[in-house]
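Peer 1: Sending over entry_6.pdb (PDB, C-alpha atoms, pLDDT in the B column).
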ATOM      1  CA  MET A   1     -16.575 -19.013 -10.804  1.00 57.00           C
ATOM      2  CA  THR A   2     -13.419 -21.134 -10.811  1.00 82.00           C
ATOM      3  CA  LYS A   3     -10.258 -19.491 -12.068  1.00 91.00           C
ATOM      4  CA  ARG A   4      -8.674 -20.857 -15.190  1.00 93.00           C
ATOM      5  CA  TYR A   5      -5.066 -22.025 -15.304  1.00 92.00           C
ATOM      6  CA  LEU A   6      -2.801 -22.559 -18.295  1.00 91.00           C
ATOM      7  CA  GLU A   7      -3.967 -26.149 -18.788  1.00 92.00           C
ATOM      8  CA  ASP A   8      -7.587 -25.024 -18.836  1.00 94.00           C
ATOM      9  CA  PHE A   9      -7.170 -23.039 -22.057  1.00 94.00           C
ATOM     10  CA  ALA A  10      -7.447 -24.454 -25.578  1.00 95.00           C
ATOM     11  CA  VAL A  11      -7.326 -22.852 -28.993  1.00 97.00           C
ATOM     12  CA  GLY A  12     -10.766 -21.810 -30.157  1.00 97.00           C
ATOM     13  CA  GLN A  13     -12.337 -21.229 -26.752  1.00 96.00           C
ATOM     14  CA  THR A  14     -14.396 -18.073 -26.586  1.00 96.00           C
ATOM     15  CA  PHE A  15     -15.481 -15.998 -23.606  1.00 96.00           C
ATOM     16  CA  GLY A  16     -18.272 -13.461 -23.417  1.00 96.00           C
ATOM     17  CA  SER A  17     -18.739 -10.439 -21.185  1.00 97.00           C
ATOM     18  CA  GLY A  18     -21.541  -8.365 -19.802  1.00 97.00           C
ATOM     19  CA  ARG A  19     -22.407  -4.947 -21.189  1.00 98.00           C
ATOM     20  CA  LEU A  20     -21.486  -1.461 -20.047  1.00 97.00           C
ATOM     21  CA  ARG A  21     -23.192   1.697 -21.268  1.00 97.00           C
ATOM     22  CA  ILE A  22     -20.902   4.680 -21.826  1.00 96.00           C
ATOM     23  CA  ASP A  23     -22.327   7.848 -20.348  1.00 94.00           C
ATOM     24  CA  LYS A  24     -22.053  11.332 -21.862  1.00 95.00           C
ATOM     25  CA  GLU A  25     -20.990  13.046 -18.647  1.00 95.00           C
ATOM     26  CA  ARG A  26     -18.337  10.387 -17.925  1.00 97.00           C
ATOM     27  CA  ILE A  27     -16.999  10.785 -21.485  1.00 96.00           C
ATOM     28  CA  LYS A  28     -16.431  14.464 -20.723  1.00 96.00           C
ATOM     29  CA  THR A  29     -14.955  14.064 -17.238  1.00 97.00           C
ATOM     30  CA  PHE A  30     -12.631  11.281 -18.391  1.00 98.00           C
ATOM     31  CA  ALA A  31     -11.477  13.498 -21.251  1.00 97.00           C
ATOM     32  CA  ALA A  32     -10.996  16.496 -18.971  1.00 97.00           C
ATOM     33  CA  GLU A  33      -8.558  14.444 -16.894  1.00 98.00           C
ATOM     34  CA  PHE A  34      -6.814  12.411 -19.587  1.00 98.00           C
ATOM     35  CA  ASP A  35      -7.574  13.512 -23.140  1.00 97.00           C
ATOM     36  CA  PRO A  36      -8.648  17.172 -23.154  1.00 96.00           C
ATOM     37  CA  GLN A  37      -9.472  17.693 -26.821  1.00 94.00           C
ATOM     38  CA  PRO A  38     -12.666  19.364 -28.096  1.00 91.00           C
ATOM     39  CA  PHE A  39     -14.127  16.251 -29.750  1.00 92.00           C
ATOM     40  CA  HIS A  40     -14.012  14.418 -26.393  1.00 94.00           C
ATOM     41  CA  LEU A  41     -15.165  17.368 -24.260  1.00 92.00           C
ATOM     42  CA  ASP A  42     -17.707  19.435 -26.065  1.00 85.00           C
ATOM     43  CA  ASP A  43     -21.052  18.632 -27.607  1.00 76.00           C
ATOM     44  CA  ASP A  44     -22.653  22.022 -27.149  1.00 64.00           C
ATOM     45  CA  ALA A  45     -24.521  22.977 -30.318  1.00 51.00           C
ATOM     46  CA  ARG A  46     -23.391  26.586 -29.921  1.00 54.00           C
ATOM     47  CA  ASP A  47     -19.746  25.563 -30.012  1.00 58.00           C
ATOM     48  CA  SER A  48     -19.095  23.402 -33.029  1.00 63.00           C
ATOM     49  CA  ASN A  49     -15.576  22.237 -32.156  1.00 69.00           C
ATOM     50  CA  ALA A  50     -16.731  18.665 -31.770  1.00 72.00           C
ATOM     51  CA  ARG A  51     -19.037  18.701 -34.807  1.00 74.00           C
ATOM     52  CA  ASP A  52     -16.337  20.197 -37.041  1.00 77.00           C
ATOM     53  CA  SER A  53     -13.714  17.679 -35.934  1.00 81.00           C
ATOM     54  CA  ILE A  54     -12.775  14.438 -37.621  1.00 82.00           C
ATOM     55  CA  PHE A  55     -15.300  12.716 -35.302  1.00 87.00           C
ATOM     56  CA  ARG A  56     -18.250  14.948 -36.373  1.00 85.00           C
ATOM     57  CA  GLY A  57     -19.598  15.025 -32.846  1.00 88.00           C
ATOM     58  CA  LEU A  58     -18.734  14.022 -29.316  1.00 92.00           C
ATOM     59  CA  ALA A  59     -16.847  10.723 -29.118  1.00 94.00           C
ATOM     60  CA  ALA A  60     -15.231   8.949 -26.183  1.00 96.00           C
ATOM     61  CA  SER A  61     -11.466   9.036 -25.780  1.00 97.00           C
ATOM     62  CA  GLY A  62      -9.948   5.818 -27.044  1.00 97.00           C
ATOM     63  CA  TRP A  63      -8.334   5.432 -23.616  1.00 97.00           C
ATOM     64  CA  HIS A  64     -11.776   5.549 -22.047  1.00 98.00           C
ATOM     65  CA  THR A  65     -13.125   2.834 -24.334  1.00 97.00           C
ATOM     66  CA  GLY A  66      -9.948   0.806 -23.765  1.00 97.00           C
ATOM     67  CA  ALA A  67     -10.384   1.124 -20.005  1.00 98.00           C
ATOM     68  CA  ILE A  68     -14.048   0.049 -20.224  1.00 98.00           C
ATOM     69  CA  THR A  69     -12.955  -2.911 -22.336  1.00 97.00           C
ATOM     70  CA  MET A  70     -10.589  -3.888 -19.533  1.00 97.00           C
ATOM     71  CA  ARG A  71     -13.396  -3.706 -16.973  1.00 97.00           C
ATOM     72  CA  LEU A  72     -15.565  -5.938 -19.150  1.00 97.00           C
ATOM     73  CA  LEU A  73     -12.693  -8.384 -19.630  1.00 96.00           C
ATOM     74  CA  VAL A  74     -11.879  -8.555 -15.907  1.00 96.00           C
ATOM     75  CA  GLU A  75     -15.519  -9.344 -15.157  1.00 96.00           C
ATOM     76  CA  SER A  76     -15.990 -11.683 -18.127  1.00 95.00           C
ATOM     77  CA  GLU A  77     -15.913 -15.477 -18.122  1.00 92.00           C
ATOM     78  CA  LEU A  78     -12.197 -15.464 -18.942  1.00 91.00           C
ATOM     79  CA  LYS A  79     -11.201 -15.580 -15.214  1.00 91.00           C
ATOM     80  CA  ARG A  80      -7.510 -16.083 -15.815  1.00 90.00           C
ATOM     81  CA  ALA A  81      -5.686 -17.254 -12.666  1.00 89.00           C
ATOM     82  CA  GLY A  82      -3.022 -14.729 -11.743  1.00 86.00           C
ATOM     83  CA  GLY A  83      -5.074 -11.960 -13.304  1.00 90.00           C
ATOM     84  CA  ILE A  84      -5.407 -10.365 -16.699  1.00 91.00           C
ATOM     85  CA  VAL A  85      -2.030  -8.805 -17.335  1.00 88.00           C
ATOM     86  CA  GLY A  86      -0.301  -8.100 -20.608  1.00 85.00           C
ATOM     87  CA  THR A  87       2.936  -6.535 -21.757  1.00 86.00           C
ATOM     88  CA  GLY A  88       1.409  -4.971 -24.846  1.00 90.00           C
ATOM     89  CA  PHE A  89      -0.349  -5.368 -28.170  1.00 91.00           C
ATOM     90  CA  ASP A  90       0.906  -6.423 -31.564  1.00 90.00           C
ATOM     91  CA  GLU A  91      -2.197  -5.119 -33.272  1.00 92.00           C
ATOM     92  CA  PHE A  92      -4.582  -2.722 -31.607  1.00 93.00           C
ATOM     93  CA  ARG A  93      -7.324  -0.811 -33.440  1.00 95.00           C
ATOM     94  CA  TRP A  94     -10.041   1.701 -32.621  1.00 95.00           C
ATOM     95  CA  PRO A  95     -12.154   1.114 -35.743  1.00 93.00           C
ATOM     96  CA  ARG A  96     -15.117   3.420 -35.023  1.00 94.00           C
ATOM     97  CA  PRO A  97     -16.023   6.330 -32.723  1.00 95.00           C
ATOM     98  CA  VAL A  98     -17.839   5.435 -29.509  1.00 96.00           C
ATOM     99  CA  ARG A  99     -20.748   7.813 -28.875  1.00 95.00           C
ATOM    100  CA  PRO A 100     -22.649   8.673 -25.691  1.00 95.00           C
ATOM    101  CA  GLY A 101     -25.132   5.954 -24.813  1.00 96.00           C
ATOM    102  CA  TYR A 102     -23.406   3.150 -26.690  1.00 97.00           C
ATOM    103  CA  GLU A 103     -23.262  -0.197 -24.932  1.00 98.00           C
ATOM    104  CA  LEU A 104     -19.948  -2.022 -25.099  1.00 97.00           C
ATOM    105  CA  ARG A 105     -19.234  -5.722 -24.679  1.00 97.00           C
ATOM    106  CA  VAL A 106     -16.182  -7.895 -25.265  1.00 96.00           C
ATOM    107  CA  GLU A 107     -15.692 -11.213 -26.988  1.00 96.00           C
ATOM    108  CA  SER A 108     -12.369 -12.944 -26.503  1.00 95.00           C
ATOM    109  CA  GLU A 109     -11.010 -15.999 -28.276  1.00 96.00           C
ATOM    110  CA  VAL A 110      -7.963 -18.144 -27.541  1.00 95.00           C
ATOM    111  CA  LEU A 111      -5.719 -18.035 -30.622  1.00 94.00           C
ATOM    112  CA  GLU A 112      -2.694 -19.780 -29.157  1.00 93.00           C
ATOM    113  CA  VAL A 113      -1.684 -21.464 -25.879  1.00 93.00           C
ATOM    114  CA  ARG A 114       1.987 -21.552 -24.938  1.00 91.00           C
ATOM    115  CA  SER A 115       4.236 -21.570 -21.887  1.00 89.00           C
ATOM    116  CA  SER A 116       6.430 -18.664 -20.966  1.00 85.00           C
ATOM    117  CA  LYS A 117      10.037 -19.257 -22.041  1.00 87.00           C
ATOM    118  CA  SER A 118      11.427 -17.724 -18.858  1.00 85.00           C
ATOM    119  CA  ARG A 119       8.777 -19.218 -16.536  1.00 81.00           C
ATOM    120  CA  PRO A 120       7.336 -22.410 -18.044  1.00 82.00           C
ATOM    121  CA  ALA A 121       4.759 -22.758 -15.255  1.00 80.00           C
ATOM    122  CA  ARG A 122       3.168 -19.584 -16.589  1.00 82.00           C
ATOM    123  CA  GLY A 123       1.704 -19.036 -20.003  1.00 83.00           C
TER     124      GLY A 123
ATOM    125  CA  MET B   1       1.739  27.858 -29.426  1.00 57.00           C
ATOM    126  CA  THR B   2       1.002  27.557 -33.134  1.00 81.00           C
ATOM    127  CA  LYS B   3      -0.593  24.339 -34.311  1.00 91.00           C
ATOM    128  CA  ARG B   4       1.395  22.134 -36.648  1.00 93.00           C
ATOM    129  CA  TYR B   5       0.052  21.027 -40.017  1.00 92.00           C
ATOM    130  CA  LEU B   6       1.180  18.167 -42.236  1.00 91.00           C
ATOM    131  CA  GLU B   7       3.802  20.298 -43.978  1.00 92.00           C
ATOM    132  CA  ASP B   8       5.280  21.318 -40.641  1.00 94.00           C
ATOM    133  CA  PHE B   9       6.415  17.784 -39.805  1.00 94.00           C
ATOM    134  CA  ALA B  10       9.695  16.203 -40.883  1.00 95.00           C
ATOM    135  CA  VAL B  11      11.300  12.866 -40.119  1.00 97.00           C
ATOM    136  CA  GLY B  12      13.528  13.057 -37.072  1.00 97.00           C
ATOM    137  CA  GLN B  13      11.696  15.868 -35.268  1.00 96.00           C
ATOM    138  CA  THR B  14      11.237  15.207 -31.570  1.00 96.00           C
ATOM    139  CA  PHE B  15       8.775  16.695 -29.114  1.00 96.00           C
ATOM    140  CA  GLY B  16       8.984  16.748 -25.343  1.00 96.00           C
ATOM    141  CA  SER B  17       6.274  16.896 -22.696  1.00 97.00           C
ATOM    142  CA  GLY B  18       5.853  18.046 -19.150  1.00 97.00           C
ATOM    143  CA  ARG B  19       5.727  15.593 -16.257  1.00 98.00           C
ATOM    144  CA  LEU B  20       2.827  14.105 -14.338  1.00 97.00           C
ATOM    145  CA  ARG B  21       3.178  12.335 -11.009  1.00 97.00           C
ATOM    146  CA  ILE B  22       0.956   9.273 -10.555  1.00 96.00           C
ATOM    147  CA  ASP B  23      -0.765   9.258  -7.208  1.00 94.00           C
ATOM    148  CA  LYS B  24      -1.451   6.168  -5.076  1.00 95.00           C
ATOM    149  CA  GLU B  25      -5.081   7.022  -4.348  1.00 96.00           C
ATOM    150  CA  ARG B  26      -5.794   7.744  -8.021  1.00 97.00           C
ATOM    151  CA  ILE B  27      -4.200   4.400  -8.984  1.00 96.00           C
ATOM    152  CA  LYS B  28      -6.729   2.689  -6.718  1.00 96.00           C
ATOM    153  CA  THR B  29      -9.804   4.687  -7.768  1.00 97.00           C
ATOM    154  CA  PHE B  30      -8.971   4.312 -11.464  1.00 98.00           C
ATOM    155  CA  ALA B  31      -8.603   0.560 -10.941  1.00 97.00           C
ATOM    156  CA  ALA B  32     -11.856   0.336  -8.989  1.00 97.00           C
ATOM    157  CA  GLU B  33     -13.696   1.787 -11.990  1.00 98.00           C
ATOM    158  CA  PHE B  34     -11.806   0.180 -14.870  1.00 98.00           C
ATOM    159  CA  ASP B  35      -9.375  -2.567 -13.843  1.00 97.00           C
ATOM    160  CA  PRO B  36     -10.470  -4.060 -10.512  1.00 96.00           C
ATOM    161  CA  GLN B  37      -7.681  -6.560  -9.871  1.00 94.00           C
ATOM    162  CA  PRO B  38      -5.814  -6.886  -6.533  1.00 91.00           C
ATOM    163  CA  PHE B  39      -2.433  -5.687  -7.821  1.00 92.00           C
ATOM    164  CA  HIS B  40      -4.021  -2.383  -8.934  1.00 94.00           C
ATOM    165  CA  LEU B  41      -6.257  -1.954  -5.876  1.00 92.00           C
ATOM    166  CA  ASP B  42      -4.568  -3.150  -2.755  1.00 85.00           C
ATOM    167  CA  ASP B  43      -1.292  -2.274  -1.101  1.00 76.00           C
ATOM    168  CA  ASP B  44      -2.311  -3.025   2.441  1.00 65.00           C
ATOM    169  CA  ALA B  45       0.492  -4.889   4.204  1.00 51.00           C
ATOM    170  CA  ARG B  46      -2.075  -7.081   5.988  1.00 54.00           C
ATOM    171  CA  ASP B  47      -3.486  -8.268   2.696  1.00 58.00           C
ATOM    172  CA  SER B  48      -0.723  -9.554   0.478  1.00 63.00           C
ATOM    173  CA  ASN B  49      -2.717  -9.935  -2.756  1.00 69.00           C
ATOM    174  CA  ALA B  50      -0.705  -7.183  -4.443  1.00 72.00           C
ATOM    175  CA  ARG B  51       2.647  -8.323  -3.051  1.00 74.00           C
ATOM    176  CA  ASP B  52       2.099 -11.936  -4.072  1.00 77.00           C
ATOM    177  CA  SER B  53       1.041 -11.013  -7.601  1.00 81.00           C
ATOM    178  CA  ILE B  54       3.218 -10.870 -10.696  1.00 82.00           C
ATOM    179  CA  PHE B  55       3.733  -7.148  -9.941  1.00 87.00           C
ATOM    180  CA  ARG B  56       5.054  -7.768  -6.392  1.00 85.00           C
ATOM    181  CA  GLY B  57       3.252  -4.701  -5.086  1.00 88.00           C
ATOM    182  CA  LEU B  58       0.765  -2.065  -6.124  1.00 92.00           C
ATOM    183  CA  ALA B  59       1.133  -1.004  -9.765  1.00 94.00           C
ATOM    184  CA  ALA B  60      -0.998   1.274 -11.916  1.00 96.00           C
ATOM    185  CA  SER B  61      -3.365  -0.224 -14.473  1.00 97.00           C
ATOM    186  CA  GLY B  62      -1.809  -0.061 -17.910  1.00 97.00           C
ATOM    187  CA  TRP B  63      -4.916   1.813 -19.038  1.00 97.00           C
ATOM    188  CA  HIS B  64      -4.226   4.436 -16.406  1.00 98.00           C
ATOM    189  CA  THR B  65      -0.629   4.929 -17.561  1.00 97.00           C
ATOM    190  CA  GLY B  66      -1.829   4.961 -21.175  1.00 97.00           C
ATOM    191  CA  ALA B  67      -4.381   7.638 -20.343  1.00 98.00           C
ATOM    192  CA  ILE B  68      -1.755   9.743 -18.529  1.00 98.00           C
ATOM    193  CA  THR B  69       0.505   9.354 -21.573  1.00 96.00           C
ATOM    194  CA  MET B  70      -2.310  10.773 -23.685  1.00 97.00           C
ATOM    195  CA  ARG B  71      -2.693  13.761 -21.372  1.00 97.00           C
ATOM    196  CA  LEU B  72       1.051  14.445 -21.595  1.00 97.00           C
ATOM    197  CA  LEU B  73       0.954  14.092 -25.377  1.00 96.00           C
ATOM    198  CA  VAL B  74      -2.022  16.449 -25.784  1.00 96.00           C
ATOM    199  CA  GLU B  75      -0.223  19.076 -23.720  1.00 96.00           C
ATOM    200  CA  SER B  76       3.204  18.453 -25.277  1.00 95.00           C
ATOM    201  CA  GLU B  77       4.906  20.483 -27.983  1.00 93.00           C
ATOM    202  CA  LEU B  78       3.470  18.204 -30.662  1.00 91.00           C
ATOM    203  CA  LYS B  79       0.365  20.428 -31.137  1.00 91.00           C
ATOM    204  CA  ARG B  80      -0.993  18.586 -34.135  1.00 90.00           C
ATOM    205  CA  ALA B  81      -3.658  20.581 -35.983  1.00 89.00           C
ATOM    206  CA  GLY B  82      -6.918  18.638 -36.010  1.00 86.00           C
ATOM    207  CA  GLY B  83      -5.967  17.001 -32.746  1.00 90.00           C
ATOM    208  CA  ILE B  84      -4.113  13.899 -31.669  1.00 91.00           C
ATOM    209  CA  VAL B  85      -6.216  11.049 -32.992  1.00 88.00           C
ATOM    210  CA  GLY B  86      -5.171   7.561 -33.983  1.00 85.00           C
ATOM    211  CA  THR B  87      -6.825   4.432 -35.262  1.00 86.00           C
ATOM    212  CA  GLY B  88      -4.550   2.102 -33.339  1.00 90.00           C
ATOM    213  CA  PHE B  89      -1.074   0.773 -32.648  1.00 90.00           C
ATOM    214  CA  ASP B  90       1.130  -1.633 -34.533  1.00 90.00           C
ATOM    215  CA  GLU B  91       3.412  -2.096 -31.562  1.00 92.00           C
ATOM    216  CA  PHE B  92       2.412  -1.122 -28.070  1.00 93.00           C
ATOM    217  CA  ARG B  93       4.328  -2.178 -24.940  1.00 95.00           C
ATOM    218  CA  TRP B  94       4.063  -1.719 -21.204  1.00 95.00           C
ATOM    219  CA  PRO B  95       7.674  -2.619 -20.377  1.00 93.00           C
ATOM    220  CA  ARG B  96       7.725  -2.011 -16.602  1.00 94.00           C
ATOM    221  CA  PRO B  97       5.251  -1.547 -13.740  1.00 95.00           C
ATOM    222  CA  VAL B  98       4.368   2.039 -12.818  1.00 96.00           C
ATOM    223  CA  ARG B  99       4.409   2.531  -9.039  1.00 95.00           C
ATOM    224  CA  PRO B 100       2.788   5.181  -6.837  1.00 95.00           C
ATOM    225  CA  GLY B 101       4.761   8.418  -6.934  1.00 96.00           C
ATOM    226  CA  TYR B 102       6.439   7.811 -10.280  1.00 97.00           C
ATOM    227  CA  GLU B 103       6.653  10.808 -12.596  1.00 98.00           C
ATOM    228  CA  LEU B 104       5.820  10.139 -16.230  1.00 97.00           C
ATOM    229  CA  ARG B 105       6.850  12.094 -19.310  1.00 97.00           C
ATOM    230  CA  VAL B 106       6.597  11.477 -23.035  1.00 96.00           C
ATOM    231  CA  GLU B 107       9.071  11.827 -25.858  1.00 96.00           C
ATOM    232  CA  SER B 108       7.721  11.584 -29.381  1.00 95.00           C
ATOM    233  CA  GLU B 109       9.647  11.347 -32.627  1.00 95.00           C
ATOM    234  CA  VAL B 110       8.456  11.635 -36.226  1.00 95.00           C
ATOM    235  CA  LEU B 111       9.362   8.382 -37.987  1.00 94.00           C
ATOM    236  CA  GLU B 112       7.502   8.974 -41.236  1.00 93.00           C
ATOM    237  CA  VAL B 113       5.420  11.721 -42.863  1.00 93.00           C
ATOM    238  CA  ARG B 114       2.810  10.755 -45.420  1.00 91.00           C
ATOM    239  CA  SER B 115      -0.555  11.870 -46.799  1.00 89.00           C
ATOM    240  CA  SER B 116      -3.728   9.937 -46.203  1.00 85.00           C
ATOM    241  CA  LYS B 117      -4.629   7.840 -49.251  1.00 87.00           C
ATOM    242  CA  SER B 118      -8.318   8.625 -48.910  1.00 85.00           C
ATOM    243  CA  ARG B 119      -7.870  12.279 -47.898  1.00 81.00           C
ATOM    244  CA  PRO B 120      -4.538  13.614 -49.244  1.00 82.00           C
ATOM    245  CA  ALA B 121      -4.979  16.961 -47.447  1.00 80.00           C
ATOM    246  CA  ARG B 122      -4.639  15.020 -44.193  1.00 82.00           C
ATOM    247  CA  GLY B 123      -1.671  13.001 -43.080  1.00 83.00           C
TER     248      GLY B 123
END
Will you turn the file into structure tokens for me?

Peer 2:
Amino acid sequence: MTKRYLEDFAVGQTFGSGRLRIDKERIKTFAAEFDPQPFHLDDDARDSNARDSIFRGLAASGWHTGAITMRLLVESELKRAGGIVGTGFDEFRWPRPVRPGYELRVESEVLEVRSSKSRPARG
Amino acid sequence: MTKRYLEDFAVGQTFGSGRLRIDKERIKTFAAEFDPQPFHLDDDARDSNARDSIFRGLAASGWHTGAITMRLLVESELKRAGGIVGTGFDEFRWPRPVRPGYELRVESEVLEVRSSKSRPARG
């Protein structure tokens, strides 16, 4: 698919993504490396750390779901020339726990189109 | 170390972390799974995709550095009872690229202490 440049974007455009299923074993191995807390590691019925936590059961690390979101975005129809790179978020929310077996997908919408102040050829 | 409860926190407290070194091979494997873009995958001098990108060389995915930050925070002196869980960020920035071999550490500071409106025993 053709890459999109600054002039190809317009307010209101939307882009869809495919779907990725989040796997129970990957939830645990991701957490073991990056977010080793019981509610991301342990769903053993004999050890109720996950069930007694604020999540009431095994849930994916928010960094895992964020990373999967990035994968979906990179492979979505957005196809931004120069790549999908950001310097941060003004408003970022994890509204609900992501459980083993959930399928994730991304919808993106162009809210504003503007040139970079320091590099007007970029946006 | 003892876990800290709501009443143990006060504005101005700071908590340090250990250090984690970010490895070149892990930058590439993380990116292959979650953020497959040239500037996170490729530092081969024969293929200049990374060097010609906005990063001017291999840089870690922001999701990778975020995840490492979480690991440092979980193992830091913060030790929040109930775990380190958040619903999002109001201001989140990736100010500079993270290169292979960089060591990361986290400093956290308590800016405000307040009870949850819906569950006053939490905060």

Peer 1: Just give me the gap between CA of Ala50 (chain B) and CA of Phe34 (chain B) in Å, one decimal is fine.

Peer 2: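 CA of Phe34 (chain B) lies 16.9 Å from CA of Ala50 (chain B).
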
Peer 1: On this file, the PyMOL selection byres ((chain B and resi 53) around 12) gives some set of residues; write that set as a list of chain:residue names.

Peer 2: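 In the shown coordinates, the PyMOL selection byres ((chain B and resi 53) around 12) covers A:Ala81, A:Gly82, A:Gly83, A:Ile84, A:Val85, B:Gln37, B:Pro38, B:Phe39, B:His40, B:Leu41, B:Asp42, B:Asp43, B:Asp47, B:Ser48, B:Asn49, B:Ala50, B:Arg51, B:Asp52, B:Ile54, B:Phe55, B:Arg56, B:Gly57, B:Leu58, B:Ala59.
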
Peer 1: Residues of chain A within 10 Å of chain B, using all atoms listed in the file, as a PDB file with C-alpha atoms, keeping the file's coordinate frame?

Peer 2:
ATOM      1  CA  PHE A  30     -12.631  11.281 -18.391  1.00 98.00           C
ATOM      2  CA  ALA A  31     -11.477  13.498 -21.251  1.00 97.00           C
ATOM      3  CA  ALA A  32     -10.996  16.496 -18.971  1.00 97.00           C
ATOM      4  CA  GLU A  33      -8.558  14.444 -16.894  1.00 98.00           C
ATOM      5  CA  PHE A  34      -6.814  12.411 -19.587  1.00 98.00           C
ATOM      6  CA  ASP A  35      -7.574  13.512 -23.140  1.00 97.00           C
ATOM      7  CA  PRO A  36      -8.648  17.172 -23.154  1.00 96.00           C
ATOM      8  CA  GLN A  37      -9.472  17.693 -26.821  1.00 94.00           C
ATOM      9  CA  PRO A  38     -12.666  19.364 -28.096  1.00 91.00           C
ATOM     10  CA  PHE A  39     -14.127  16.251 -29.750  1.00 92.00           C
ATOM     11  CA  ASP A  52     -16.337  20.197 -37.041  1.00 77.00           C
ATOM     12  CA  SER A  53     -13.714  17.679 -35.934  1.00 81.00           C
ATOM     13  CA  ILE A  54     -12.775  14.438 -37.621  1.00 82.00           C
ATOM     14  CA  PHE A  55     -15.300  12.716 -35.302  1.00 87.00           C
ATOM     15  CA  SER A  61     -11.466   9.036 -25.780  1.00 97.00           C
ATOM     16  CA  GLY A  62      -9.948   5.818 -27.044  1.00 97.00           C
ATOM     17  CA  TRP A  63      -8.334   5.432 -23.616  1.00 97.00           C
ATOM     18  CA  HIS A  64     -11.776   5.549 -22.047  1.00 98.00           C
ATOM     19  CA  THR A  65     -13.125   2.834 -24.334  1.00 97.00           C
ATOM     20  CA  GLY A  66      -9.948   0.806 -23.765  1.00 97.00           C
ATOM     21  CA  ALA A  67     -10.384   1.124 -20.005  1.00 98.00           C
ATOM     22  CA  ILE A  68     -14.048   0.049 -20.224  1.00 98.00           C
ATOM     23  CA  THR A  69     -12.955  -2.911 -22.336  1.00 97.00           C
ATOM     24  CA  MET A  70     -10.589  -3.888 -19.533  1.00 97.00           C
ATOM     25  CA  ARG A  71     -13.396  -3.706 -16.973  1.00 97.00           C
ATOM     26  CA  LEU A  72     -15.565  -5.938 -19.150  1.00 97.00           C
ATOM     27  CA  LEU A  73     -12.693  -8.384 -19.630  1.00 96.00           C
ATOM     28  CA  VAL A  74     -11.879  -8.555 -15.907  1.00 96.00           C
ATOM     29  CA  GLU A  75     -15.519  -9.344 -15.157  1.00 96.00           C
ATOM     30  CA  GLY A  82      -3.022 -14.729 -11.743  1.00 86.00           C
ATOM     31  CA  GLY A  83      -5.074 -11.960 -13.304  1.00 90.00           C
ATOM     32  CA  ILE A  84      -5.407 -10.365 -16.699  1.00 91.00           C
ATOM     33  CA  VAL A  85      -2.030  -8.805 -17.335  1.00 88.00           C
ATOM     34  CA  GLY A  86      -0.301  -8.100 -20.608  1.00 85.00           C
ATOM     35  CA  THR A  87       2.936  -6.535 -21.757  1.00 86.00           C
ATOM     36  CA  GLY A  88       1.409  -4.971 -24.846  1.00 90.00           C
ATOM     37  CA  PHE A  89      -0.349  -5.368 -28.170  1.00 91.00           C
ATOM     38  CA  ASP A  90       0.906  -6.423 -31.564  1.00 90.00           C
ATOM     39  CA  GLU A  91      -2.197  -5.119 -33.272  1.00 92.00           C
ATOM     40  CA  PHE A  92      -4.582  -2.722 -31.607  1.00 93.00           C
ATOM     41  CA  ARG A  93      -7.324  -0.811 -33.440  1.00 95.00           C
ATOM     42  CA  TRP A  94     -10.041   1.701 -32.621  1.00 95.00           C
ATOM     43  CA  PRO A  95     -12.154   1.114 -35.743  1.00 93.00           C
ATOM     44  CA  ARG A  96     -15.117   3.420 -35.023  1.00 94.00           C
ATOM     45  CA  PRO A  97     -16.023   6.330 -32.723  1.00 95.00           C
TER      46      PRO A  97
END

Peer 1: Could you list, as a VMD selection string, every residue matched by the PyMOL selection byres ((chain B and resi 4) around 8) in this structure?

Peer 2: chain B and resid 2 to 3 5 to 9 78 to 81

Peer 1: How far is it from CA of Arg99 (chain A) to CA of Lys28 (chain A), in Å with one decimal?

Peer 2: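 About the pair CA of Arg99 (chain A) and CA of Lys28 (chain A): they are 11.4 Å apart.
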
Peer 1: In Å, rounded to a single decimal, give me how far CA of Gly123 (chain B) is from CA of Ser76 (chain B).

Peer 2: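 According to the coordinates, CA of Ser76 (chain B) and CA of Gly123 (chain B) are separated by 19.2 Å.
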
Peer 1: Which residues match the PyMOL selection byres ((chain A and resi 14) around 6) in the file above, as a list in words?

Peer 2: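 Taken over the shown coordinates, the PyMOL selection byres ((chain A and resi 14) around 6) returns Gln13, Phe15, Ser108 and Glu109 of chain A.
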
Peer 1: Near Arg105 (chain A), counting only C-alpha atoms, which residues have an atom at most 7 Å away, once you skip same-chain residues fewer than 6 positions from it, shown as a JSON list (two decimals) with C-alpha atoms, keeping the file's coordinate frame?

Peer 2:
[["chain", "number", "residue", "atom", "x", "y", "z"],
["A", 17, "SER", "CA", -18.74, -10.44, -21.18],
["A", 18, "GLY", "CA", -21.54, -8.36, -19.80],
["A", 19, "ARG", "CA", -22.41, -4.95, -21.19],
["A", 20, "LEU", "CA", -21.49, -1.46, -20.05],
["A", 72, "LEU", "CA", -15.56, -5.94, -19.15]]
